[in-house]
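The file coords_27.cif contains mmCIF, N, CA and C atoms:
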```cif
data_input
loop_
_atom_site.label_atom_id
_atom_site.label_comp_id
_atom_site.auth_asym_id
_atom_site.auth_seq_id
_atom_site.Cartn_x
_atom_site.Cartn_y
_atom_site.Cartn_z
N MET A 29 14.04 -0.23 14.94
CA MET A 29 13.33 1.02 14.75
C MET A 29 11.98 0.72 14.10
N SER A 30 10.95 1.28 14.68
CA SER A 30 9.62 1.06 14.12
C SER A 30 9.47 1.82 12.81
N LEU A 31 8.48 1.42 12.04
CA LEU A 31 8.23 2.06 10.74
C LEU A 31 7.85 3.53 10.93
N LYS A 32 7.05 3.79 11.95
CA LYS A 32 6.63 5.17 12.23
C LYS A 32 7.85 6.05 12.58
N ALA A 33 8.77 5.52 13.36
CA ALA A 33 9.98 6.27 13.71
C ALA A 33 10.84 6.50 12.48
N ARG A 34 10.91 5.49 11.60
CA ARG A 34 11.68 5.65 10.36
C ARG A 34 11.08 6.75 9.48
N ILE A 35 9.76 6.79 9.41
CA ILE A 35 9.09 7.82 8.61
C ILE A 35 9.39 9.21 9.19
N THR A 36 9.34 9.31 10.51
CA THR A 36 9.64 10.59 11.17
C THR A 36 11.08 11.02 10.90
N ASP A 37 12.01 10.07 10.97
CA ASP A 37 13.42 10.38 10.67
C ASP A 37 13.59 10.83 9.22
N ASP A 38 12.87 10.15 8.31
CA ASP A 38 12.94 10.53 6.90
C ASP A 38 12.38 11.93 6.68
N MET A 39 11.37 12.31 7.46
CA MET A 39 10.81 13.65 7.35
C MET A 39 11.86 14.68 7.76
N LYS A 40 12.56 14.40 8.85
CA LYS A 40 13.60 15.33 9.31
C LYS A 40 14.72 15.44 8.27
N THR A 41 15.09 14.32 7.67
CA THR A 41 16.13 14.31 6.64
C THR A 41 15.68 15.12 5.43
N ALA A 42 14.43 14.96 5.03
CA ALA A 42 13.90 15.70 3.89
C ALA A 42 13.85 17.19 4.18
N MET A 43 13.56 17.55 5.43
CA MET A 43 13.56 18.97 5.82
C MET A 43 14.96 19.56 5.68
N ARG A 44 15.94 18.83 6.20
CA ARG A 44 17.32 19.33 6.15
C ARG A 44 17.82 19.46 4.71
N ALA A 45 17.40 18.50 3.86
CA ALA A 45 17.86 18.50 2.46
C ALA A 45 17.00 19.41 1.59
N LYS A 46 15.97 20.00 2.17
CA LYS A 46 15.05 20.88 1.44
C LYS A 46 14.40 20.20 0.23
N GLU A 47 14.02 18.93 0.42
CA GLU A 47 13.30 18.17 -0.61
C GLU A 47 11.80 18.39 -0.37
N THR A 48 11.26 19.43 -0.96
CA THR A 48 9.89 19.83 -0.65
C THR A 48 8.84 18.80 -1.06
N MET A 49 9.00 18.18 -2.23
CA MET A 49 8.00 17.20 -2.67
C MET A 49 8.01 15.99 -1.74
N ARG A 50 9.20 15.48 -1.45
CA ARG A 50 9.33 14.31 -0.57
C ARG A 50 8.81 14.65 0.83
N LEU A 51 9.14 15.83 1.31
CA LEU A 51 8.69 16.28 2.63
C LEU A 51 7.16 16.34 2.70
N GLY A 52 6.55 16.89 1.67
CA GLY A 52 5.09 16.99 1.63
C GLY A 52 4.42 15.62 1.65
N THR A 53 4.99 14.68 0.91
CA THR A 53 4.42 13.33 0.87
C THR A 53 4.56 12.63 2.21
N ILE A 54 5.72 12.78 2.83
CA ILE A 54 5.94 12.15 4.14
C ILE A 54 5.02 12.78 5.20
N ARG A 55 4.85 14.09 5.13
CA ARG A 55 3.94 14.75 6.07
C ARG A 55 2.50 14.26 5.87
N LEU A 56 2.12 14.04 4.62
CA LEU A 56 0.79 13.51 4.32
C LEU A 56 0.60 12.14 4.97
N LEU A 57 1.62 11.30 4.85
CA LEU A 57 1.57 9.96 5.44
C LEU A 57 1.51 10.05 6.97
N LEU A 58 2.33 10.89 7.56
CA LEU A 58 2.31 11.05 9.02
C LEU A 58 0.98 11.60 9.51
N ALA A 59 0.38 12.51 8.74
CA ALA A 59 -0.93 13.05 9.11
C ALA A 59 -1.99 11.96 9.09
N ALA A 60 -1.94 11.09 8.10
CA ALA A 60 -2.90 9.98 8.02
C ALA A 60 -2.70 9.02 9.20
N ILE A 61 -1.45 8.77 9.56
CA ILE A 61 -1.15 7.90 10.70
C ILE A 61 -1.68 8.53 11.99
N LYS A 62 -1.38 9.79 12.19
CA LYS A 62 -1.82 10.50 13.39
C LYS A 62 -3.34 10.54 13.48
N GLN A 63 -4.01 10.76 12.35
CA GLN A 63 -5.47 10.80 12.33
C GLN A 63 -6.05 9.47 12.78
N LYS A 64 -5.49 8.38 12.28
CA LYS A 64 -5.95 7.04 12.66
C LYS A 64 -5.72 6.80 14.15
N GLU A 65 -4.58 7.22 14.65
CA GLU A 65 -4.29 7.03 16.07
C GLU A 65 -5.26 7.83 16.94
N ILE A 66 -5.56 9.04 16.54
CA ILE A 66 -6.49 9.87 17.31
C ILE A 66 -7.90 9.31 17.24
N ASP A 67 -8.34 8.90 16.05
CA ASP A 67 -9.69 8.36 15.88
C ASP A 67 -9.91 7.11 16.73
N GLU A 68 -8.91 6.23 16.75
CA GLU A 68 -9.08 4.95 17.45
C GLU A 68 -8.45 4.95 18.84
N ARG A 69 -7.78 6.04 19.21
CA ARG A 69 -7.15 6.18 20.52
C ARG A 69 -6.20 5.03 20.82
N ILE A 70 -5.36 4.70 19.83
CA ILE A 70 -4.37 3.63 20.00
C ILE A 70 -3.04 4.08 19.38
N GLU A 71 -1.99 3.35 19.71
CA GLU A 71 -0.69 3.54 19.08
C GLU A 71 -0.58 2.50 17.97
N LEU A 72 -0.37 2.94 16.73
CA LEU A 72 -0.34 2.02 15.60
C LEU A 72 0.97 1.24 15.55
N ASP A 73 0.85 -0.04 15.18
CA ASP A 73 2.03 -0.86 14.98
C ASP A 73 2.45 -0.79 13.51
N ASP A 74 3.52 -1.49 13.17
CA ASP A 74 4.05 -1.43 11.80
C ASP A 74 3.05 -1.93 10.76
N ALA A 75 2.27 -2.95 11.10
CA ALA A 75 1.28 -3.48 10.15
C ALA A 75 0.21 -2.44 9.83
N ALA A 76 -0.24 -1.73 10.85
CA ALA A 76 -1.26 -0.70 10.64
C ALA A 76 -0.70 0.48 9.84
N VAL A 77 0.55 0.84 10.11
CA VAL A 77 1.18 1.92 9.36
C VAL A 77 1.33 1.51 7.89
N SER A 78 1.71 0.25 7.65
CA SER A 78 1.82 -0.26 6.28
C SER A 78 0.48 -0.22 5.57
N SER A 79 -0.58 -0.55 6.28
CA SER A 79 -1.91 -0.55 5.64
C SER A 79 -2.32 0.87 5.26
N ILE A 80 -1.94 1.86 6.07
CA ILE A 80 -2.23 3.25 5.73
C ILE A 80 -1.43 3.65 4.49
N ALA A 81 -0.17 3.24 4.44
CA ALA A 81 0.66 3.54 3.26
C ALA A 81 0.06 2.87 2.02
N GLU A 82 -0.43 1.64 2.16
CA GLU A 82 -1.07 0.94 1.03
C GLU A 82 -2.29 1.71 0.54
N LYS A 83 -3.08 2.22 1.47
CA LYS A 83 -4.28 2.97 1.10
C LYS A 83 -3.91 4.22 0.31
N LEU A 84 -2.87 4.92 0.77
CA LEU A 84 -2.43 6.13 0.07
C LEU A 84 -1.85 5.78 -1.31
N ILE A 85 -1.17 4.65 -1.41
CA ILE A 85 -0.64 4.21 -2.69
C ILE A 85 -1.77 3.90 -3.66
N LYS A 86 -2.79 3.23 -3.17
CA LYS A 86 -3.94 2.91 -4.02
C LYS A 86 -4.61 4.20 -4.53
N GLN A 87 -4.71 5.19 -3.64
CA GLN A 87 -5.28 6.48 -4.06
C GLN A 87 -4.44 7.11 -5.16
N ARG A 88 -3.11 7.04 -5.01
CA ARG A 88 -2.22 7.62 -6.03
C ARG A 88 -2.39 6.90 -7.36
N LYS A 89 -2.48 5.57 -7.33
CA LYS A 89 -2.64 4.81 -8.57
C LYS A 89 -3.95 5.16 -9.27
N ASP A 90 -5.01 5.31 -8.48
CA ASP A 90 -6.31 5.70 -9.05
C ASP A 90 -6.22 7.09 -9.67
N SER A 91 -5.56 8.00 -8.98
CA SER A 91 -5.41 9.37 -9.49
C SER A 91 -4.60 9.38 -10.77
N ILE A 92 -3.54 8.58 -10.81
CA ILE A 92 -2.70 8.53 -12.01
C ILE A 92 -3.51 8.08 -13.21
N SER A 93 -4.32 7.04 -13.04
CA SER A 93 -5.11 6.55 -14.18
C SER A 93 -6.13 7.60 -14.63
N GLN A 94 -6.74 8.31 -13.69
CA GLN A 94 -7.71 9.33 -14.04
C GLN A 94 -7.04 10.54 -14.71
N PHE A 95 -5.89 10.94 -14.22
CA PHE A 95 -5.17 12.06 -14.82
C PHE A 95 -4.67 11.72 -16.21
N GLN A 96 -4.25 10.46 -16.40
CA GLN A 96 -3.80 10.04 -17.74
C GLN A 96 -4.96 10.08 -18.72
N ALA A 97 -6.13 9.64 -18.28
CA ALA A 97 -7.31 9.66 -19.14
C ALA A 97 -7.69 11.10 -19.51
N ALA A 98 -7.42 12.04 -18.61
CA ALA A 98 -7.75 13.44 -18.86
C ALA A 98 -6.63 14.18 -19.59
N GLY A 99 -5.50 13.49 -19.79
CA GLY A 99 -4.39 14.12 -20.49
C GLY A 99 -3.61 15.12 -19.64
N ARG A 100 -3.65 14.99 -18.34
CA ARG A 100 -2.95 15.90 -17.43
C ARG A 100 -1.60 15.30 -17.01
N ASP A 101 -0.64 15.37 -17.91
CA ASP A 101 0.67 14.77 -17.66
C ASP A 101 1.41 15.45 -16.51
N ASP A 102 1.15 16.73 -16.27
CA ASP A 102 1.79 17.43 -15.16
C ASP A 102 1.38 16.83 -13.82
N LEU A 103 0.08 16.53 -13.69
CA LEU A 103 -0.42 15.94 -12.44
C LEU A 103 -0.02 14.48 -12.31
N VAL A 104 0.10 13.78 -13.44
CA VAL A 104 0.55 12.39 -13.42
C VAL A 104 1.96 12.33 -12.84
N ALA A 105 2.82 13.24 -13.24
CA ALA A 105 4.21 13.25 -12.75
C ALA A 105 4.26 13.47 -11.24
N VAL A 106 3.42 14.35 -10.74
CA VAL A 106 3.39 14.63 -9.30
C VAL A 106 2.93 13.38 -8.54
N GLU A 107 1.87 12.76 -9.02
CA GLU A 107 1.35 11.57 -8.34
C GLU A 107 2.35 10.42 -8.39
N GLN A 108 3.05 10.26 -9.51
CA GLN A 108 4.05 9.19 -9.61
C GLN A 108 5.21 9.43 -8.65
N ALA A 109 5.61 10.66 -8.48
CA ALA A 109 6.69 10.97 -7.54
C ALA A 109 6.25 10.65 -6.11
N GLU A 110 5.02 11.00 -5.76
CA GLU A 110 4.49 10.68 -4.44
C GLU A 110 4.40 9.17 -4.24
N LEU A 111 4.00 8.47 -5.30
CA LEU A 111 3.88 7.02 -5.25
C LEU A 111 5.22 6.36 -4.92
N LEU A 112 6.29 6.85 -5.53
CA LEU A 112 7.62 6.30 -5.27
C LEU A 112 8.04 6.51 -3.81
N VAL A 113 7.72 7.68 -3.27
CA VAL A 113 8.07 7.96 -1.87
C VAL A 113 7.31 7.01 -0.95
N LEU A 114 6.02 6.84 -1.20
CA LEU A 114 5.18 5.99 -0.34
C LEU A 114 5.57 4.52 -0.42
N GLN A 115 5.95 4.06 -1.61
CA GLN A 115 6.29 2.65 -1.78
C GLN A 115 7.52 2.25 -0.98
N ALA A 116 8.34 3.21 -0.61
CA ALA A 116 9.54 2.91 0.19
C ALA A 116 9.17 2.41 1.59
N TYR A 117 7.94 2.66 2.02
CA TYR A 117 7.53 2.27 3.37
C TYR A 117 6.74 0.97 3.41
N LEU A 118 6.62 0.30 2.28
CA LEU A 118 5.96 -1.00 2.25
C LEU A 118 6.99 -2.10 2.46
N PRO A 119 6.56 -3.25 2.98
CA PRO A 119 7.49 -4.36 3.11
C PRO A 119 7.90 -4.88 1.73
N GLU A 120 8.91 -5.73 1.70
CA GLU A 120 9.41 -6.32 0.45
C GLU A 120 8.26 -6.99 -0.29
N GLN A 121 8.10 -6.65 -1.56
CA GLN A 121 7.02 -7.20 -2.37
C GLN A 121 7.37 -8.61 -2.86
N LEU A 122 6.37 -9.46 -2.90
CA LEU A 122 6.56 -10.83 -3.39
C LEU A 122 6.67 -10.84 -4.91
N SER A 123 7.40 -11.81 -5.44
CA SER A 123 7.49 -11.96 -6.89
C SER A 123 6.20 -12.60 -7.40
N ALA A 124 6.02 -12.54 -8.72
CA ALA A 124 4.82 -13.13 -9.33
C ALA A 124 4.75 -14.63 -9.06
N ALA A 125 5.90 -15.30 -9.10
CA ALA A 125 5.92 -16.75 -8.86
C ALA A 125 5.52 -17.06 -7.41
N GLU A 126 5.98 -16.25 -6.47
CA GLU A 126 5.62 -16.48 -5.07
C GLU A 126 4.13 -16.25 -4.83
N VAL A 127 3.57 -15.24 -5.49
CA VAL A 127 2.14 -14.98 -5.35
C VAL A 127 1.34 -16.13 -5.95
N GLU A 128 1.74 -16.61 -7.12
CA GLU A 128 1.04 -17.73 -7.75
C GLU A 128 1.11 -18.98 -6.87
N ALA A 129 2.25 -19.23 -6.25
CA ALA A 129 2.39 -20.38 -5.37
C ALA A 129 1.48 -20.24 -4.15
N ALA A 130 1.39 -19.04 -3.59
CA ALA A 130 0.52 -18.80 -2.44
C ALA A 130 -0.95 -18.99 -2.82
N VAL A 131 -1.33 -18.52 -4.02
CA VAL A 131 -2.70 -18.69 -4.49
C VAL A 131 -3.02 -20.17 -4.67
N ALA A 132 -2.11 -20.90 -5.31
CA ALA A 132 -2.33 -22.34 -5.52
C ALA A 132 -2.46 -23.06 -4.19
N ALA A 133 -1.62 -22.72 -3.23
CA ALA A 133 -1.69 -23.36 -1.91
C ALA A 133 -3.00 -23.05 -1.20
N ALA A 134 -3.45 -21.80 -1.30
CA ALA A 134 -4.70 -21.40 -0.64
C ALA A 134 -5.91 -22.07 -1.29
N ILE A 135 -5.88 -22.22 -2.61
CA ILE A 135 -6.98 -22.91 -3.30
C ILE A 135 -7.03 -24.36 -2.86
N ALA A 136 -5.87 -25.01 -2.78
CA ALA A 136 -5.82 -26.41 -2.34
C ALA A 136 -6.25 -26.53 -0.88
N GLU A 137 -5.81 -25.62 -0.05
CA GLU A 137 -6.12 -25.65 1.39
C GLU A 137 -7.61 -25.46 1.65
N SER A 138 -8.24 -24.55 0.89
CA SER A 138 -9.65 -24.26 1.11
C SER A 138 -10.58 -25.22 0.38
N GLY A 139 -10.03 -25.96 -0.58
CA GLY A 139 -10.85 -26.88 -1.36
C GLY A 139 -11.76 -26.15 -2.33
N ALA A 140 -11.39 -24.97 -2.74
CA ALA A 140 -12.20 -24.17 -3.65
C ALA A 140 -12.27 -24.83 -5.01
N ALA A 141 -13.48 -24.86 -5.59
CA ALA A 141 -13.67 -25.51 -6.88
C ALA A 141 -14.23 -24.57 -7.94
N SER A 142 -14.91 -23.52 -7.51
CA SER A 142 -15.51 -22.61 -8.48
C SER A 142 -15.36 -21.16 -8.01
N ALA A 143 -15.82 -20.25 -8.85
CA ALA A 143 -15.72 -18.83 -8.53
C ALA A 143 -16.53 -18.47 -7.28
N LYS A 144 -17.50 -19.31 -6.93
CA LYS A 144 -18.30 -19.07 -5.73
C LYS A 144 -17.45 -19.17 -4.47
N ASP A 145 -16.36 -19.92 -4.55
CA ASP A 145 -15.49 -20.14 -3.39
C ASP A 145 -14.37 -19.10 -3.29
N MET A 146 -14.43 -18.06 -4.10
CA MET A 146 -13.37 -17.06 -4.14
C MET A 146 -13.20 -16.37 -2.78
N GLY A 147 -14.28 -16.15 -2.07
CA GLY A 147 -14.21 -15.50 -0.76
C GLY A 147 -13.41 -16.30 0.24
N LYS A 148 -13.54 -17.63 0.19
CA LYS A 148 -12.77 -18.48 1.10
C LYS A 148 -11.27 -18.32 0.84
N VAL A 149 -10.90 -18.33 -0.43
CA VAL A 149 -9.49 -18.22 -0.80
C VAL A 149 -8.95 -16.85 -0.43
N MET A 150 -9.70 -15.79 -0.71
CA MET A 150 -9.26 -14.43 -0.36
C MET A 150 -9.13 -14.29 1.16
N GLY A 151 -10.04 -14.94 1.90
CA GLY A 151 -9.98 -14.90 3.36
C GLY A 151 -8.69 -15.50 3.89
N LEU A 152 -8.21 -16.56 3.23
CA LEU A 152 -6.95 -17.17 3.64
C LEU A 152 -5.75 -16.33 3.24
N LEU A 153 -5.81 -15.74 2.04
CA LEU A 153 -4.64 -15.04 1.50
C LEU A 153 -4.45 -13.64 2.04
N LYS A 154 -5.54 -12.95 2.36
CA LYS A 154 -5.42 -11.55 2.76
C LYS A 154 -4.46 -11.36 3.94
N PRO A 155 -4.58 -12.12 5.03
CA PRO A 155 -3.62 -11.90 6.12
C PRO A 155 -2.19 -12.33 5.76
N ARG A 156 -2.05 -13.30 4.89
CA ARG A 156 -0.72 -13.80 4.51
C ARG A 156 0.02 -12.85 3.59
N LEU A 157 -0.71 -12.20 2.69
CA LEU A 157 -0.08 -11.38 1.66
C LEU A 157 -0.23 -9.88 1.87
N ALA A 158 -0.91 -9.48 2.91
CA ALA A 158 -1.19 -8.06 3.14
C ALA A 158 0.10 -7.24 3.14
N GLY A 159 0.13 -6.25 2.27
CA GLY A 159 1.28 -5.36 2.20
C GLY A 159 2.42 -5.88 1.34
N ARG A 160 2.37 -7.16 0.99
CA ARG A 160 3.47 -7.74 0.23
C ARG A 160 3.08 -8.07 -1.20
N ALA A 161 1.79 -7.89 -1.52
CA ALA A 161 1.31 -8.15 -2.88
C ALA A 161 0.10 -7.27 -3.15
N ASP A 162 -0.12 -6.92 -4.41
CA ASP A 162 -1.28 -6.14 -4.81
C ASP A 162 -2.50 -7.06 -4.77
N MET A 163 -3.41 -6.79 -3.85
CA MET A 163 -4.56 -7.69 -3.66
C MET A 163 -5.49 -7.68 -4.87
N GLY A 164 -5.49 -6.64 -5.66
CA GLY A 164 -6.28 -6.62 -6.89
C GLY A 164 -5.77 -7.64 -7.88
N GLN A 165 -4.46 -7.74 -8.00
CA GLN A 165 -3.86 -8.73 -8.89
C GLN A 165 -4.06 -10.14 -8.34
N VAL A 166 -3.99 -10.28 -7.03
CA VAL A 166 -4.22 -11.59 -6.40
C VAL A 166 -5.65 -12.04 -6.68
N SER A 167 -6.58 -11.12 -6.55
CA SER A 167 -7.98 -11.43 -6.81
C SER A 167 -8.19 -11.88 -8.26
N ALA A 168 -7.58 -11.16 -9.19
CA ALA A 168 -7.69 -11.53 -10.61
C ALA A 168 -7.08 -12.90 -10.87
N LEU A 169 -5.98 -13.21 -10.21
CA LEU A 169 -5.32 -14.51 -10.36
C LEU A 169 -6.20 -15.64 -9.82
N ILE A 170 -6.82 -15.39 -8.67
CA ILE A 170 -7.72 -16.40 -8.10
C ILE A 170 -8.90 -16.64 -9.03
N LYS A 171 -9.48 -15.56 -9.53
CA LYS A 171 -10.63 -15.66 -10.42
C LYS A 171 -10.28 -16.47 -11.66
N ALA A 172 -9.09 -16.20 -12.22
CA ALA A 172 -8.65 -16.92 -13.42
C ALA A 172 -8.45 -18.41 -13.12
N ARG A 173 -7.86 -18.71 -11.96
CA ARG A 173 -7.61 -20.12 -11.60
C ARG A 173 -8.93 -20.87 -11.35
N LEU A 174 -9.89 -20.21 -10.69
CA LEU A 174 -11.13 -20.90 -10.35
C LEU A 174 -12.09 -21.00 -11.52
N SER A 175 -11.98 -20.11 -12.50
CA SER A 175 -12.90 -20.17 -13.63
C SER A 175 -12.45 -21.17 -14.68
N SER A 176 -11.19 -21.56 -14.65
CA SER A 176 -10.72 -22.53 -15.67
C SER A 176 -10.84 -23.96 -15.21
#
```

Could you quickly redo this structure as structure tokens?
Amino acid sequence: MSLKARITDDMKTAMRAKETMRLGTIRLLLAAIKQKEIDERIELDDAAVSSIAEKLIKQRKDSISQFQAAGRDDLVAVEQAELLVLQAYLPEQLSAAEVEAAVAAAIAESGAASAKDMGKVMGLLKPRLAGRADMGQVSALIKARLSS
């Protein structure tokens, strides 16, 4: 079963169970998927659907930090609930040790020696880790490894 079909099935399940918050979040994800398909006139595969889910997750994380800074705990709770629903559609996340090993391997493979070579390392890692690791944390890890 494709990821898009699974999301559609989950929407139907949420409708039957009358889970309004979950239903709204799933509909938001499906709308983003449909918009991308219409804009590009293609049928999205699982990787593209995952990237859309990642984008929505990143938006939720940004909103959570801004709402926390503003002291809006009610909105933080809503965003966190949506975040949990969206994270269910991402592939299995790598552990910190696996990410560190991948970074070390990419640095060795690219021959990177300084922070100037960070783009080479990110270029190697992005396709390998897409959807399975937070690329912001990967970037910080690479920066720390290359600056020391």

Legend entry - Close residues, stretch 45-62 of chain A itself excluded, 12 Å, only C-alpha atoms, min 6 positions apart in chain, as a PyMOL selection string: chain A and resi 31-39+68-85+88+105-117

Given the selection you just returned, output its residues as a file containing N, CA and C atoms, formatted as a short mmCIF file (atom, residue, chain, number, x, y, z; two decimals), in the frame of the given file.
```
data_model
loop_
_atom_site.label_atom_id
_atom_site.label_comp_id
_atom_site.auth_asym_id
_atom_site.auth_seq_id
_atom_site.Cartn_x
_atom_site.Cartn_y
_atom_site.Cartn_z
N LEU A 31 8.48 1.42 12.04
CA LEU A 31 8.23 2.06 10.74
C LEU A 31 7.85 3.53 10.93
N LYS A 32 7.05 3.79 11.95
CA LYS A 32 6.63 5.17 12.23
C LYS A 32 7.85 6.05 12.58
N ALA A 33 8.77 5.52 13.36
CA ALA A 33 9.98 6.27 13.71
C ALA A 33 10.84 6.50 12.48
N ARG A 34 10.91 5.49 11.60
CA ARG A 34 11.68 5.65 10.36
C ARG A 34 11.08 6.75 9.48
N ILE A 35 9.76 6.79 9.41
CA ILE A 35 9.09 7.82 8.61
C ILE A 35 9.39 9.21 9.19
N THR A 36 9.34 9.31 10.51
CA THR A 36 9.64 10.59 11.17
C THR A 36 11.08 11.02 10.90
N ASP A 37 12.01 10.07 10.97
CA ASP A 37 13.42 10.38 10.67
C ASP A 37 13.59 10.83 9.22
N ASP A 38 12.87 10.15 8.31
CA ASP A 38 12.94 10.53 6.90
C ASP A 38 12.38 11.93 6.68
N MET A 39 11.37 12.31 7.46
CA MET A 39 10.81 13.65 7.35
C MET A 39 11.86 14.68 7.76
N GLU A 68 -8.91 6.23 16.75
CA GLU A 68 -9.08 4.95 17.45
C GLU A 68 -8.45 4.95 18.84
N ARG A 69 -7.78 6.04 19.21
CA ARG A 69 -7.15 6.18 20.52
C ARG A 69 -6.20 5.03 20.82
N ILE A 70 -5.36 4.70 19.83
CA ILE A 70 -4.37 3.63 20.00
C ILE A 70 -3.04 4.08 19.38
N GLU A 71 -1.99 3.35 19.71
CA GLU A 71 -0.69 3.54 19.08
C GLU A 71 -0.58 2.50 17.97
N LEU A 72 -0.37 2.94 16.73
CA LEU A 72 -0.34 2.02 15.60
C LEU A 72 0.97 1.24 15.55
N ASP A 73 0.85 -0.04 15.18
CA ASP A 73 2.03 -0.86 14.98
C ASP A 73 2.45 -0.79 13.51
N ASP A 74 3.52 -1.49 13.17
CA ASP A 74 4.05 -1.43 11.80
C ASP A 74 3.05 -1.93 10.76
N ALA A 75 2.27 -2.95 11.10
CA ALA A 75 1.28 -3.48 10.15
C ALA A 75 0.21 -2.44 9.83
N ALA A 76 -0.24 -1.73 10.85
CA ALA A 76 -1.26 -0.70 10.64
C ALA A 76 -0.70 0.48 9.84
N VAL A 77 0.55 0.84 10.11
CA VAL A 77 1.18 1.92 9.36
C VAL A 77 1.33 1.51 7.89
N SER A 78 1.71 0.25 7.65
CA SER A 78 1.82 -0.26 6.28
C SER A 78 0.48 -0.22 5.57
N SER A 79 -0.58 -0.55 6.28
CA SER A 79 -1.91 -0.55 5.64
C SER A 79 -2.32 0.87 5.26
N ILE A 80 -1.94 1.86 6.07
CA ILE A 80 -2.23 3.25 5.73
C ILE A 80 -1.43 3.65 4.49
N ALA A 81 -0.17 3.24 4.44
CA ALA A 81 0.66 3.54 3.26
C ALA A 81 0.06 2.87 2.02
N GLU A 82 -0.43 1.64 2.16
CA GLU A 82 -1.07 0.94 1.03
C GLU A 82 -2.29 1.71 0.54
N LYS A 83 -3.08 2.22 1.47
CA LYS A 83 -4.28 2.97 1.10
C LYS A 83 -3.91 4.22 0.31
N LEU A 84 -2.87 4.92 0.77
CA LEU A 84 -2.43 6.13 0.07
C LEU A 84 -1.85 5.78 -1.31
N ILE A 85 -1.17 4.65 -1.41
CA ILE A 85 -0.64 4.21 -2.69
C ILE A 85 -1.77 3.90 -3.66
N ARG A 88 -3.11 7.04 -5.01
CA ARG A 88 -2.22 7.62 -6.03
C ARG A 88 -2.39 6.90 -7.36
N ALA A 105 2.82 13.24 -13.24
CA ALA A 105 4.21 13.25 -12.75
C ALA A 105 4.26 13.47 -11.24
N VAL A 106 3.42 14.35 -10.74
CA VAL A 106 3.39 14.63 -9.30
C VAL A 106 2.93 13.38 -8.54
N GLU A 107 1.87 12.76 -9.02
CA GLU A 107 1.35 11.57 -8.34
C GLU A 107 2.35 10.42 -8.39
N GLN A 108 3.05 10.26 -9.51
CA GLN A 108 4.05 9.19 -9.61
C GLN A 108 5.21 9.43 -8.65
N ALA A 109 5.61 10.66 -8.48
CA ALA A 109 6.69 10.97 -7.54
C ALA A 109 6.25 10.65 -6.11
N GLU A 110 5.02 11.00 -5.76
CA GLU A 110 4.49 10.68 -4.44
C GLU A 110 4.40 9.17 -4.24
N LEU A 111 4.00 8.47 -5.30
CA LEU A 111 3.88 7.02 -5.25
C LEU A 111 5.22 6.36 -4.92
N LEU A 112 6.29 6.85 -5.53
CA LEU A 112 7.62 6.30 -5.27
C LEU A 112 8.04 6.51 -3.81
N VAL A 113 7.72 7.68 -3.27
CA VAL A 113 8.07 7.96 -1.87
C VAL A 113 7.31 7.01 -0.95
N LEU A 114 6.02 6.84 -1.20
CA LEU A 114 5.18 5.99 -0.34
C LEU A 114 5.57 4.52 -0.42
N GLN A 115 5.95 4.06 -1.61
CA GLN A 115 6.29 2.65 -1.78
C GLN A 115 7.52 2.25 -0.98
N ALA A 116 8.34 3.21 -0.61
CA ALA A 116 9.54 2.91 0.19
C ALA A 116 9.17 2.41 1.59
N TYR A 117 7.94 2.66 2.02
CA TYR A 117 7.53 2.27 3.37
C TYR A 117 6.74 0.97 3.41
#
```

Box centre and edge lengths (Å, one decimal), axis-aligned, stretch 73-78 of chain A plus 4 Å each side, as AutoDock Vina command-line options:
```
--center_x 1.4 --center_y -0.8 --center_z 10.4 --size_x 13.3 --size_y 13.4 --size_z 17.6
```

Inset, instruction - Run DSSP on the backbone of this structure and report the residues of chain A it assigns to alpha helix (DSSP H), as number ranges by chain. - result: A: 31-45, 48-68, 74-98, 101-115, 124-138, 146-157, 163-175

Inset, instruction - Go through A:Leu152, A:Ala140, A:Ile170, A:Ile92 one by one, measure the shortest atom-to-atom distance of each to A:Val104 using all atoms listed in the file, and give the residue with the smallest value. - result: A:Ile92

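With only C-alpha atoms as the atoms that count, the minimum distance from A:Ser142 to the choices A:Asp101, A:Gln121, A:Lys89, A:Ala172 is reached by A:Ala172.
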
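With distances restricted to only N, CA and C atoms, A:Val166 is the closest residue to A:Glu128 from A:Met43, A:Val166, A:Leu174, A:Val149.
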
Legend entry - Hits from the PyMOL selection byres ((chain A and resi 120) around 7), listed as a ChimeraX atom specification: /A:118-119,121-122,159-161

Legend entry - Chain and number of each residue from the PyMOL selection byres (((chain A and resi 134 and name CA) around 12) and name CA), as a ChimeraX atom specification: /A:127-133,135-141,145-157,166,169-170,173-174
